[in-house]
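*Asks:* Supplied structure: run.txt, compact mmCIF, C-alpha atoms.
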# COMPACT_ATOMS: atom_id res chain seq x y z
CA MET X 1 209.52 137.76 59.04
CA ASN X 2 207.95 139.32 62.09
CA ARG X 3 204.29 138.27 61.96
CA HIS X 4 203.07 141.73 63.00
CA PHE X 5 204.59 143.33 59.94
CA ALA X 6 203.34 140.81 57.41
CA PRO X 7 199.73 142.12 57.13
CA ILE X 8 200.96 145.71 56.82
CA ILE X 9 203.40 144.81 54.08
CA ILE X 10 200.83 142.73 52.24
CA THR X 11 198.35 145.62 52.36
CA LEU X 12 200.96 148.08 51.13
CA ALA X 13 201.96 145.70 48.37
CA ARG X 14 198.34 145.39 47.29
CA GLY X 15 198.09 149.18 47.23
CA VAL X 16 201.22 149.51 45.13
CA VAL X 17 199.99 146.89 42.67
CA PHE X 18 196.57 148.53 42.48
CA ALA X 19 198.10 151.95 41.89
CA ALA X 20 200.41 150.58 39.21
CA VAL X 21 197.55 148.89 37.40
CA PHE X 22 195.38 151.97 37.67
CA ALA X 23 198.12 154.27 36.37
CA ALA X 24 198.89 151.93 33.52
CA THR X 25 195.31 151.78 32.29
CA PRO X 26 194.98 153.89 29.15
CA PRO X 27 192.69 156.90 29.50
CA ARG X 28 189.13 156.19 28.47
CA ALA X 29 188.73 157.00 24.81
CA VAL X 30 186.08 159.65 25.30
CA GLY X 31 184.12 160.79 22.32
CA ALA X 32 185.49 158.23 19.94
CA PRO X 33 182.57 157.35 17.66
CA ASP X 34 182.60 153.79 16.45
CA LYS X 35 180.95 154.73 13.18
CA PRO X 36 183.18 155.16 10.14
CA ALA X 37 182.10 158.80 9.94
CA ALA X 38 184.68 159.91 12.47
CA PRO X 39 186.20 163.42 12.12
CA ALA X 40 187.74 163.99 8.69
CA ALA X 41 187.13 160.34 7.67
CA ALA X 42 189.83 159.07 10.03
CA PRO X 43 189.83 155.30 10.53
CA ALA X 44 187.50 154.13 13.30
CA PRO X 45 189.43 154.54 16.56
CA ALA X 46 190.48 151.42 18.43
CA PRO X 47 189.28 151.09 22.02
CA ALA X 48 192.75 152.01 23.32
CA PRO X 49 194.18 155.38 22.21
CA ALA X 50 196.78 155.37 19.46
CA LYS X 51 199.05 157.69 21.45
CA PRO X 52 202.24 155.95 22.56
CA ALA X 53 202.05 156.74 26.27
CA PRO X 54 199.06 157.43 28.51
CA LEU X 55 198.95 160.98 29.86
CA PRO X 56 199.25 161.53 33.57
CA LEU X 57 195.93 161.14 35.30
CA GLN X 58 196.14 164.65 36.70
CA ASP X 59 196.04 166.34 33.27
CA SER X 60 192.84 164.60 32.24
CA ALA X 61 191.22 165.25 35.60
CA VAL X 62 192.09 168.95 35.36
CA TRP X 63 190.76 169.05 31.79
CA GLN X 64 187.51 167.40 32.82
CA GLN X 65 187.03 169.77 35.74
CA GLU X 66 187.96 173.00 33.96
CA CYS X 67 186.52 172.35 30.50
CA GLY X 68 183.42 170.73 31.93
CA ALA X 69 182.50 173.60 34.21
CA CYS X 70 180.17 175.46 31.86
CA HIS X 71 179.47 172.85 29.20
CA ILE X 72 180.37 169.22 28.80
CA ALA X 73 184.07 168.72 28.30
CA TYR X 74 184.02 168.32 24.55
CA PRO X 75 186.16 165.34 23.54
CA ALA X 76 189.63 166.47 22.55
CA SER X 77 189.53 164.25 19.47
CA LEU X 78 186.91 166.49 17.87
CA LEU X 79 189.46 169.18 16.97
CA GLY X 80 193.08 169.24 15.89
CA PRO X 81 195.95 170.62 17.99
CA ALA X 82 196.08 173.94 16.12
CA SER X 83 192.41 174.46 16.90
CA TRP X 84 192.91 173.69 20.56
CA ASN X 85 195.89 176.04 20.70
CA GLY X 86 193.64 178.72 19.27
CA VAL X 87 191.02 178.05 21.91
CA MET X 88 193.56 178.08 24.74
CA SER X 89 195.17 181.33 23.62
CA GLY X 90 191.85 183.18 23.68
CA LEU X 91 190.25 181.93 26.89
CA ASP X 92 189.43 185.41 28.13
CA LYS X 93 187.20 185.78 25.07
CA HIS X 94 185.87 182.26 24.88
CA PHE X 95 182.79 182.42 22.65
CA GLY X 96 181.47 185.47 24.43
CA THR X 97 182.61 184.74 27.95
CA ASP X 98 185.70 184.93 30.13
CA ALA X 99 187.01 181.43 30.72
CA SER X 100 190.54 182.46 31.70
CA LEU X 101 192.75 180.12 33.71
CA ASP X 102 195.89 180.58 35.76
CA ALA X 103 199.06 179.71 33.86
CA ALA X 104 199.72 176.39 35.57
CA THR X 105 196.20 175.07 35.02
CA ALA X 106 196.19 176.30 31.44
CA ALA X 107 199.45 174.46 30.81
CA GLN X 108 197.96 171.21 32.06
CA VAL X 109 194.79 171.58 30.05
CA GLY X 110 196.74 172.54 26.93
CA ARG X 111 198.98 169.55 27.34
CA TYR X 112 196.00 167.23 27.64
CA LEU X 113 194.28 168.71 24.59
CA ARG X 114 197.36 168.55 22.40
CA GLY X 115 198.04 165.01 23.54
CA ASN X 116 194.52 163.83 22.76
CA ALA X 117 193.68 166.00 19.78
CA GLY X 118 192.30 164.52 16.59
CA ARG X 119 193.05 165.66 13.06
CA GLU X 120 192.70 169.29 12.08
CA GLN X 121 189.16 169.83 10.92
CA ALA X 122 187.93 171.39 7.71
CA PRO X 123 185.57 174.33 8.24
CA ALA X 124 181.93 173.93 7.29
CA THR X 125 181.96 177.06 5.12
CA THR X 126 184.65 179.01 3.30
CA ALA X 127 183.75 181.99 5.43
CA THR X 128 184.91 180.22 8.58
CA ALA X 129 188.42 181.12 9.67
CA THR X 130 190.94 178.34 10.24
CA PRO X 131 191.94 176.75 12.41
CA VAL X 132 188.30 176.15 13.27
CA LEU X 133 187.68 176.92 16.91
CA ARG X 134 184.02 176.00 17.18
CA ILE X 135 183.28 172.28 16.89
CA SER X 136 179.88 172.97 15.39
CA ASP X 137 181.57 174.98 12.62
CA THR X 138 183.46 171.97 11.35
CA ALA X 139 182.43 170.21 8.15
CA TRP X 140 182.30 166.98 10.07
CA PHE X 141 179.79 168.30 12.60
CA ARG X 142 177.54 169.70 9.90
CA ARG X 143 177.59 166.37 8.09
CA GLU X 144 176.78 164.42 11.24
CA HIS X 145 173.87 166.70 12.05
CA ARG X 146 172.60 167.36 8.53
CA GLU X 147 169.18 165.87 9.38
CA VAL X 148 168.60 168.24 12.29
CA PRO X 149 166.20 171.06 11.29
CA ALA X 150 167.62 174.54 11.81
CA ALA X 151 164.78 175.43 14.17
CA ARG X 152 165.67 172.52 16.46
CA TRP X 153 168.94 174.21 17.46
CA ARG X 154 167.05 177.25 18.69
CA SER X 155 164.29 175.36 20.47
CA PRO X 156 164.02 175.98 24.23
CA GLY X 157 165.13 172.46 25.12
CA VAL X 158 168.31 172.75 23.07
CA LYS X 159 169.14 176.47 22.70
CA SER X 160 172.41 175.90 20.86
CA ALA X 161 174.71 173.34 19.28
CA ALA X 162 176.90 173.66 22.37
CA ASN X 163 174.27 171.74 24.31
CA CYS X 164 175.14 168.21 23.21
CA ALA X 165 173.35 166.60 26.15
CA ALA X 166 170.01 167.98 24.95
CA CYS X 167 169.92 165.10 22.49
CA HIS X 168 172.93 162.95 23.36
CA ARG X 169 172.10 161.58 26.78
CA GLY X 170 175.51 160.07 27.33
CA ALA X 171 177.42 163.18 26.23
CA ALA X 172 178.81 163.89 29.68
CA ASN X 173 180.48 160.47 29.54
CA GLY X 174 181.76 160.95 26.01
CA ASN X 175 179.06 158.73 24.55
CA PHE X 176 177.50 160.14 21.38
CA GLU X 177 176.17 156.93 19.87
CA GLU X 178 173.02 157.39 17.83
CA ASP X 179 171.12 154.79 19.78
CA GLU X 180 171.85 156.74 22.96
CA ARG X 181 169.90 159.75 21.81
CA GLN X 182 166.81 160.69 23.71
CA GLU X 183 163.68 158.67 22.98
CA HIS X 184 161.71 161.52 21.51
CA GLU X 185 164.54 162.44 19.18
CA ARG X 186 164.63 158.91 17.78
CA GLY X 187 160.87 158.84 17.50
CA GLU X 188 160.73 162.05 15.54
CA ARG X 189 163.42 160.90 13.17
CA ASP X 190 161.64 157.62 12.50
CA ASN X 191 158.45 159.50 11.71
CA ASP X 192 160.06 161.61 8.95
CA MET I 193 216.10 143.81 59.10
CA LEU I 194 212.53 144.52 60.06
CA HIS I 195 212.46 142.25 63.08
CA LYS I 196 214.74 144.64 64.97
CA HIS I 197 212.00 147.26 65.42
CA PRO I 198 209.37 146.93 68.14
CA SER I 199 206.28 146.24 66.01
CA HIS I 200 203.34 147.90 67.78
CA ARG I 201 204.94 151.24 68.61
CA SER I 202 206.25 151.69 65.06
CA HIS I 203 202.84 150.91 63.61
CA ARG I 204 201.09 153.47 65.71
CA ARG I 205 203.68 156.13 65.06
CA TRP I 206 203.57 155.72 61.30
CA SER I 207 199.79 155.50 61.27
CA ALA I 208 199.47 158.66 63.31
CA MET I 209 201.85 160.51 61.02
CA LEU I 210 199.94 159.39 57.95
CA VAL I 211 196.58 160.38 59.38
CA GLY I 212 198.00 163.72 60.48
CA LEU I 213 199.42 164.36 57.03
CA VAL I 214 196.13 163.59 55.32
CA LEU I 215 194.13 165.75 57.72
CA THR I 216 196.42 168.76 57.54
CA SER I 217 196.75 168.59 53.78
CA SER I 218 192.99 168.67 53.30
CA TRP I 219 192.49 171.39 55.89
CA ALA I 220 195.13 173.51 54.20
CA VAL I 221 192.78 173.99 51.23
CA ALA I 222 189.39 174.25 52.92
CA ALA I 223 188.32 177.76 53.88
CA VAL I 224 185.02 179.05 55.22
CA PRO I 225 183.01 182.07 54.08
CA GLY I 226 184.19 184.06 57.09
CA ASP I 227 187.77 183.75 55.88
CA PHE I 228 186.88 185.46 52.63
CA LEU I 229 184.95 188.21 54.36
CA GLN I 230 187.94 188.85 56.59
CA GLN I 231 190.31 189.01 53.64
CA TRP I 232 188.09 191.27 51.59
CA ARG I 233 187.40 193.54 54.54
CA ALA I 234 191.12 194.08 54.94
CA GLN I 235 191.57 194.66 51.22
CA ALA I 236 188.66 197.08 51.07
CA GLN I 237 190.04 199.06 53.98
CA ALA I 238 193.46 199.15 52.37
CA ALA I 239 191.83 200.42 49.18
CA GLY I 240 190.32 203.29 51.11
CA ALA I 241 186.74 202.14 51.64
CA GLY I 242 186.61 203.49 55.19
CA THR I 243 185.25 201.12 57.78
CA ALA I 244 184.23 198.77 54.93
CA GLU I 245 181.12 197.28 56.47
CA PHE I 246 179.63 194.95 53.96
CA SER I 247 176.01 195.42 52.99
CA ALA I 248 173.67 192.60 52.01
CA ALA I 249 171.41 195.16 50.35
CA ARG I 250 174.24 196.42 48.16
CA GLY I 251 175.15 192.81 47.42
CA GLN I 252 171.60 192.08 46.33
CA GLN I 253 171.60 195.06 43.99
CA LEU I 254 174.91 194.04 42.49
CA PHE I 255 173.68 190.49 42.02
CA THR I 256 170.81 191.56 39.82
CA ARG I 257 172.55 194.48 38.10
CA ARG I 258 172.79 194.19 34.34
CA VAL I 259 175.58 196.19 32.73
CA THR I 260 176.29 193.83 29.83
CA ASP I 261 174.05 191.07 28.52
CA TRP I 262 174.18 189.23 31.80
CA SER I 263 173.68 189.66 35.48
CA CYS I 264 174.78 187.25 38.21
CA SER I 265 171.21 186.07 38.39
CA SER I 266 171.23 185.19 34.68
CA CYS I 267 172.98 181.97 35.63
CA HIS I 268 172.61 181.74 39.40
CA THR I 269 168.90 182.74 39.32
CA SER I 270 167.34 185.39 41.52
CA ASP I 271 167.29 182.85 44.37
CA PRO I 272 170.84 181.51 44.74
CA ARG I 273 169.57 178.67 46.92
CA ARG I 274 168.16 177.12 43.78
CA GLN I 275 170.05 175.29 41.13
CA GLY I 276 170.95 177.58 38.28
CA GLN I 277 171.60 177.14 34.60
CA HIS I 278 174.31 178.52 32.33
CA ALA I 279 172.67 181.22 30.24
CA THR I 280 174.24 179.98 27.00
CA THR I 281 174.91 176.28 27.38
CA SER I 282 172.08 175.38 29.78
CA LYS I 283 174.47 173.38 31.92
CA ALA I 284 173.19 172.94 35.46
CA ILE I 285 174.92 175.12 38.05
CA GLN I 286 174.82 174.01 41.65
CA PRO I 287 173.34 176.48 44.15
CA LEU I 288 175.55 179.40 45.09
CA ALA I 289 174.27 180.12 48.59
CA PRO I 290 176.44 178.32 51.18
CA ALA I 291 173.31 177.30 53.12
CA ALA I 292 172.18 175.29 50.11
CA ASN I 293 175.64 174.17 49.02
CA PRO I 294 178.30 173.87 51.73
CA ALA I 295 181.04 173.41 49.14
CA ARG I 296 180.72 177.05 48.10
CA PHE I 297 183.32 179.50 49.35
CA SER I 298 185.66 176.81 50.63
CA ASP I 299 188.41 176.94 48.00
CA PRO I 300 190.24 180.27 47.61
CA ALA I 301 191.53 179.43 44.13
CA LYS I 302 188.04 178.66 42.90
CA VAL I 303 186.54 181.77 44.45
CA ASP I 304 189.21 183.98 42.90
CA LYS I 305 188.81 182.33 39.50
CA TRP I 306 185.03 182.61 39.31
CA PHE I 307 184.87 186.16 40.62
CA ARG I 308 187.50 187.18 38.06
CA ARG I 309 185.68 185.58 35.15
CA ASN I 310 182.12 186.35 36.07
CA CYS I 311 182.67 189.97 37.14
CA ARG I 312 184.43 190.62 33.84
CA ASP I 313 181.49 189.06 32.02
CA VAL I 314 178.79 190.85 33.99
CA LEU I 315 180.37 194.22 34.83
CA GLY I 316 183.09 194.38 32.21
CA ARG I 317 185.70 194.66 34.95
CA GLU I 318 186.94 192.91 38.09
CA CYS I 319 184.84 193.23 41.21
CA THR I 320 186.31 195.24 44.06
CA ALA I 321 186.88 193.63 47.45
CA LEU I 322 183.94 195.64 48.74
CA GLU I 323 181.67 194.27 46.04
CA LYS I 324 182.77 190.70 46.69
CA GLY I 325 182.15 191.14 50.39
CA ASP I 326 178.72 192.64 49.73
CA VAL I 327 177.73 189.71 47.51
CA LEU I 328 178.89 187.08 49.96
CA THR I 329 177.23 188.92 52.83
CA CYS I 330 173.99 188.84 50.88
CA LEU I 331 174.42 185.14 50.10
CA LEU I 332 174.98 184.37 53.77
CA THR I 333 171.63 185.91 54.70
CA LEU I 334 169.91 183.16 52.69
CA LYS I 335 169.03 180.22 54.91
Can the structure from this file be put into structure tokens for me?

*Replies:*
Amino acid sequence: MNRHFAPIIITLARGVVFAAVFAATPPRAVGAPDKPAAPAAAPAPAPAPAKPAPLPLQDSAVWQQECGACHIAYPASLLGPASWNGVMSGLDKHFGTDASLDAATAAQVGRYLRGNAGREQAPATTATATPVLRISDTAWFRREHREVPAARWRSPGVKSAANCAACHRGAANGNFEEDERQEHERGERDND
Amino acid sequence: MLHKHPSHRSHRRWSAMLVGLVLTSSWAVAAVPGDFLQQWRAQAQAAGAGTAEFSAARGQQLFTRRVTDWSCSSCHTSDPRRQGQHATTSKAIQPLAPAANPARFSDPAKVDKWFRRNCRDVLGRECTALEKGDVLTCLLTLK
């Protein structure tokens, strides 16, 4: 082989191998709590997703960018596919704001959400319409946060249940482990 | 197979093509604030706004106007050079003024999307080209 071409081909081959490995890596299992109290008492998720094939990287990147623009991109596993379809079909009236997307972007985001959705969630109250659209209106969320005083949600540092990162420091990375909560939150709980 | 091609000249040609492709593809997306002003000026004139000179003063008024629960400043603050905060979720919003954040007003799709959403939220309707131009003109006065 011509010696001038060998380094180029080796570099290209390395790039192809790197790209193949990168594409084959399953998407990070964001928001998958290790505790048994996962949504609707589902079995504790394994580190790799149970879905048969990893989604294209572009869908998850689009989801992260679009759904993380105004709040953290809530992990898709927290709601079922019917809930996500409900959210996506009402984006122009998204919890009091216009979050509309162009059709192509919406298709990508919808595909990601349906592909990574969890089980359909039971509502926290019988007055809540189903499918539940608001994660904090699910029975699971209420159970997980049953120790949080009502006033805490309205406090200036939190403002609403939409603001996960107020207490869950790693929320933006899909990490909601209890021991990752802010120091003062843990301290207050221990003092109860 | 490969040994038939002169090595150095092929390398340079392919490298140049690759670099050119990367550069042009990135430049195809990047716009500058002046591009938007030009576009909106043309649209405003077509919509019958006369000479359509944008006004920073009008833009300032629009920015702080409250028709619904929110104004632009509810999230972007009254000084768009500062970091803002989403009025409901408290998520940090990077500065809006191009002088403080050069990434602003560089992506036409993003600009269209956020004007569509936020004008509907704040004014209950889409902003006109004149209004968009006024707001950007005001933002560009901030250094």

*Asks:* Using Å and a single decimal, report how far CA of Lys283 in chain I sits from CA of Arg169 in chain X.

*Replies:*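 So the two atoms, CA of Arg169 in chain X and CA of Lys283 in chain I, lie 13.1 Å apart.
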
*Asks:* Do a neighbour search on Ala223 in chain I at 7 Å with all atoms listed in the file, toss out local chain neighbours closer than 5 positions, and write the hits as a PyMOL selection string.

*Replies:* chain I and resi 297-299

*Asks:* Residues as selected, C-alpha atoms, written as a compact mmCIF listing (two decimals), in the coordinates of the input, can you do that?

*Replies:*
# COMPACT_ATOMS: atom_id res chain seq x y z
CA PHE I 297 183.32 179.50 49.35
CA SER I 298 185.66 176.81 50.63
CA ASP I 299 188.41 176.94 48.00

*Asks:* Residues of chain X within 9 Å of chain I, using all atoms listed in the file, as an mmCIF file with C-alpha atoms, keeping the file's coordinate frame?

*Replies:*
data_model
loop_
_atom_site.group_PDB
_atom_site.id
_atom_site.type_symbol
_atom_site.label_atom_id
_atom_site.label_comp_id
_atom_site.auth_asym_id
_atom_site.auth_seq_id
_atom_site.Cartn_x
_atom_site.Cartn_y
_atom_site.Cartn_z
ATOM 1 C CA MET X 1 209.520 137.760 59.040
ATOM 2 C CA ASN X 2 207.950 139.320 62.090
ATOM 3 C CA HIS X 4 203.070 141.730 63.000
ATOM 4 C CA PHE X 5 204.590 143.330 59.940
ATOM 5 C CA ILE X 8 200.960 145.710 56.820
ATOM 6 C CA ALA X 69 182.500 173.600 34.210
ATOM 7 C CA CYS X 70 180.170 175.460 31.860
ATOM 8 C CA HIS X 71 179.470 172.850 29.200
ATOM 9 C CA ILE X 72 180.370 169.220 28.800
ATOM 10 C CA ASP X 92 189.430 185.410 28.130
ATOM 11 C CA GLY X 96 181.470 185.470 24.430
ATOM 12 C CA THR X 97 182.610 184.740 27.950
ATOM 13 C CA ASP X 98 185.700 184.930 30.130
ATOM 14 C CA ALA X 99 187.010 181.430 30.720
ATOM 15 C CA SER X 100 190.540 182.460 31.700
ATOM 16 C CA LEU X 101 192.750 180.120 33.710
ATOM 17 C CA ASP X 102 195.890 180.580 35.760
ATOM 18 C CA GLY X 157 165.130 172.460 25.120
ATOM 19 C CA VAL X 158 168.310 172.750 23.070
ATOM 20 C CA LYS X 159 169.140 176.470 22.700
ATOM 21 C CA SER X 160 172.410 175.900 20.860
ATOM 22 C CA ALA X 161 174.710 173.340 19.280
ATOM 23 C CA ALA X 162 176.900 173.660 22.370
ATOM 24 C CA ASN X 163 174.270 171.740 24.310
ATOM 25 C CA ALA X 165 173.350 166.600 26.150
#

*Asks:* When you draw a straight line from CA of Ala117 in chain X to CA of Ala103 in chain X, how long is it in Å?

*Replies:*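 Calculated distance between CA of Ala117 in chain X and CA of Ala103 in chain X is 20.4 Å.
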
*Asks:* Using only C-alpha atoms, can you tell me which of I:Leu332, I:Asn293, I:Gly242, I:Gln252 comes closest to Ser265 in chain I?

*Replies:*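 Closest to Ser265 in chain I, using only C-alpha atoms: I:Gln252.
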
*Asks:* Considering all atoms listed in the file, can you say which of I:Arg273, I:Thr329, I:His268, I:Phe228 comes closest to Asp304 in chain I?

*Replies:*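 Checking each of I:Arg273, I:Thr329, I:His268, I:Phe228 against Asp304 in chain I, counting all atoms listed in the file, the winner is I:Phe228.
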
*Asks:* How many Å lie between CA of Gly86 in chain X and CA of Thr260 in chain I, rounded to one decimal?

*Replies:*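 For CA of Gly86 in chain X relative to CA of Thr260 in chain I, the distance reads 25.3 Å.
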
*Asks:* Just need the box for range 171-177 of chain X, edges along x, y and z, holding every atom the file lists for it with 5 Å tacked onto each side, so centre and edge lengths in Å to one decimal, as lines of an AutoDock Vina configuration file.

*Replies:*
center_x = 179.0
center_y = 160.4
center_z = 24.8
size_x = 15.6
size_y = 17.0
size_z = 19.8

*Asks:* Point out the residue among I:Ala239, I:Ala222, I:Arg258, I:Arg250 with the least atom-to-atom distance to Gly325 in chain I, counting all atoms listed in the file.

*Replies:*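 For Gly325 in chain I, the nearest of the given residues is I:Arg250.
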
*Asks:* Restore all heavy atoms in range 304-313 of chain I and list the result as an mmCIF file, keeping the file's coordinate frame.

*Replies:*
data_model
loop_
_atom_site.group_PDB
_atom_site.id
_atom_site.type_symbol
_atom_site.label_atom_id
_atom_site.label_comp_id
_atom_site.auth_asym_id
_atom_site.auth_seq_id
_atom_site.Cartn_x
_atom_site.Cartn_y
_atom_site.Cartn_z
ATOM 1 N N ASP I 304 188.515 182.947 43.680
ATOM 2 C CA ASP I 304 189.210 183.980 42.900
ATOM 3 C C ASP I 304 188.918 183.835 41.412
ATOM 4 O O ASP I 304 188.656 184.812 40.708
ATOM 5 C CB ASP I 304 190.716 183.890 43.139
ATOM 6 C CG ASP I 304 191.118 184.418 44.507
ATOM 7 O OD1 ASP I 304 190.278 185.089 45.147
ATOM 8 O OD2 ASP I 304 192.254 184.167 44.928
ATOM 9 N N LYS I 305 188.994 182.584 40.935
ATOM 10 C CA LYS I 305 188.810 182.330 39.500
ATOM 11 C C LYS I 305 187.425 182.766 39.058
ATOM 12 O O LYS I 305 187.263 183.448 38.057
ATOM 13 C CB LYS I 305 189.018 180.847 39.215
ATOM 14 C CG LYS I 305 188.776 180.464 37.759
ATOM 15 C CD LYS I 305 189.022 178.981 37.534
ATOM 16 C CE LYS I 305 187.885 178.132 38.089
ATOM 17 N NZ LYS I 305 188.116 176.684 37.867
ATOM 18 N N TRP I 306 186.382 182.340 39.777
ATOM 19 C CA TRP I 306 185.030 182.610 39.310
ATOM 20 C C TRP I 306 184.635 184.080 39.477
ATOM 21 O O TRP I 306 183.902 184.618 38.658
ATOM 22 C CB TRP I 306 184.026 181.690 40.032
ATOM 23 C CG TRP I 306 184.102 180.307 39.480
ATOM 24 C CD1 TRP I 306 184.593 179.194 40.091
ATOM 25 C CD2 TRP I 306 183.713 179.880 38.159
ATOM 26 N NE1 TRP I 306 184.524 178.112 39.248
ATOM 27 C CE2 TRP I 306 183.988 178.499 38.063
ATOM 28 C CE3 TRP I 306 183.150 180.532 37.060
ATOM 29 C CZ2 TRP I 306 183.725 177.757 36.910
ATOM 30 C CZ3 TRP I 306 182.884 179.796 35.904
ATOM 31 C CH2 TRP I 306 183.168 178.425 35.842
ATOM 32 N N PHE I 307 185.132 184.731 40.513
ATOM 33 C CA PHE I 307 184.870 186.160 40.620
ATOM 34 C C PHE I 307 185.551 186.901 39.466
ATOM 35 O O PHE I 307 184.974 187.814 38.864
ATOM 36 C CB PHE I 307 185.357 186.710 41.960
ATOM 37 C CG PHE I 307 184.255 186.877 42.976
ATOM 38 C CD1 PHE I 307 184.339 186.287 44.223
ATOM 39 C CD2 PHE I 307 183.135 187.656 42.687
ATOM 40 C CE1 PHE I 307 183.328 186.444 45.164
ATOM 41 C CE2 PHE I 307 182.116 187.817 43.624
ATOM 42 C CZ PHE I 307 182.215 187.206 44.863
ATOM 43 N N ARG I 308 186.785 186.513 39.160
ATOM 44 C CA ARG I 308 187.500 187.180 38.060
ATOM 45 C C ARG I 308 186.717 187.049 36.773
ATOM 46 O O ARG I 308 186.416 188.029 36.090
ATOM 47 C CB ARG I 308 188.903 186.576 37.888
ATOM 48 C CG ARG I 308 189.676 187.167 36.712
ATOM 49 C CD ARG I 308 191.011 186.465 36.486
ATOM 50 N NE ARG I 308 190.869 185.161 35.880
ATOM 51 C CZ ARG I 308 191.333 184.016 36.422
ATOM 52 N NH1 ARG I 308 191.967 184.027 37.571
ATOM 53 N NH2 ARG I 308 191.158 182.865 35.795
ATOM 54 N N ARG I 309 186.359 185.818 36.421
ATOM 55 C CA ARG I 309 185.680 185.580 35.150
ATOM 56 C C ARG I 309 184.302 186.233 35.116
ATOM 57 O O ARG I 309 183.935 186.919 34.167
ATOM 58 C CB ARG I 309 185.467 184.068 34.969
ATOM 59 C CG ARG I 309 186.705 183.267 34.731
ATOM 60 C CD ARG I 309 186.301 181.826 34.748
ATOM 61 N NE ARG I 309 187.337 180.927 34.278
ATOM 62 C CZ ARG I 309 187.169 179.605 34.180
ATOM 63 N NH1 ARG I 309 186.015 179.077 34.511
ATOM 64 N NH2 ARG I 309 188.144 178.845 33.758
ATOM 65 N N ASN I 310 183.527 185.954 36.134
ATOM 66 C CA ASN I 310 182.120 186.350 36.070
ATOM 67 C C ASN I 310 181.939 187.858 36.231
ATOM 68 O O ASN I 310 181.038 188.434 35.632
ATOM 69 C CB ASN I 310 181.320 185.592 37.125
ATOM 70 C CG ASN I 310 181.241 184.100 36.834
ATOM 71 O OD1 ASN I 310 180.940 183.313 37.711
ATOM 72 N ND2 ASN I 310 181.513 183.727 35.597
ATOM 73 N N CYS I 311 182.784 188.518 37.030
ATOM 74 C CA CYS I 311 182.670 189.970 37.140
ATOM 75 C C CYS I 311 183.047 190.624 35.814
ATOM 76 O O CYS I 311 182.412 191.579 35.374
ATOM 77 C CB CYS I 311 183.550 190.504 38.264
ATOM 78 S SG CYS I 311 182.919 190.088 39.921
ATOM 79 N N ARG I 312 184.066 190.085 35.163
ATOM 80 C CA ARG I 312 184.430 190.620 33.840
ATOM 81 C C ARG I 312 183.289 190.444 32.866
ATOM 82 O O ARG I 312 183.010 191.326 32.056
ATOM 83 C CB ARG I 312 185.672 189.931 33.310
ATOM 84 C CG ARG I 312 186.967 190.353 33.993
ATOM 85 C CD ARG I 312 188.130 189.646 33.325
ATOM 86 N NE ARG I 312 189.398 189.883 34.007
ATOM 87 C CZ ARG I 312 190.514 189.211 33.717
ATOM 88 N NH1 ARG I 312 190.508 188.285 32.778
ATOM 89 N NH2 ARG I 312 191.628 189.472 34.388
ATOM 90 N N ASP I 313 182.611 189.308 32.926
ATOM 91 C CA ASP I 313 181.490 189.060 32.020
ATOM 92 C C ASP I 313 180.313 189.987 32.334
ATOM 93 O O ASP I 313 179.684 190.522 31.430
ATOM 94 C CB ASP I 313 181.028 187.613 32.126
ATOM 95 C CG ASP I 313 181.910 186.664 31.314
ATOM 96 O OD1 ASP I 313 182.666 187.157 30.460
ATOM 97 O OD2 ASP I 313 181.812 185.443 31.534
#
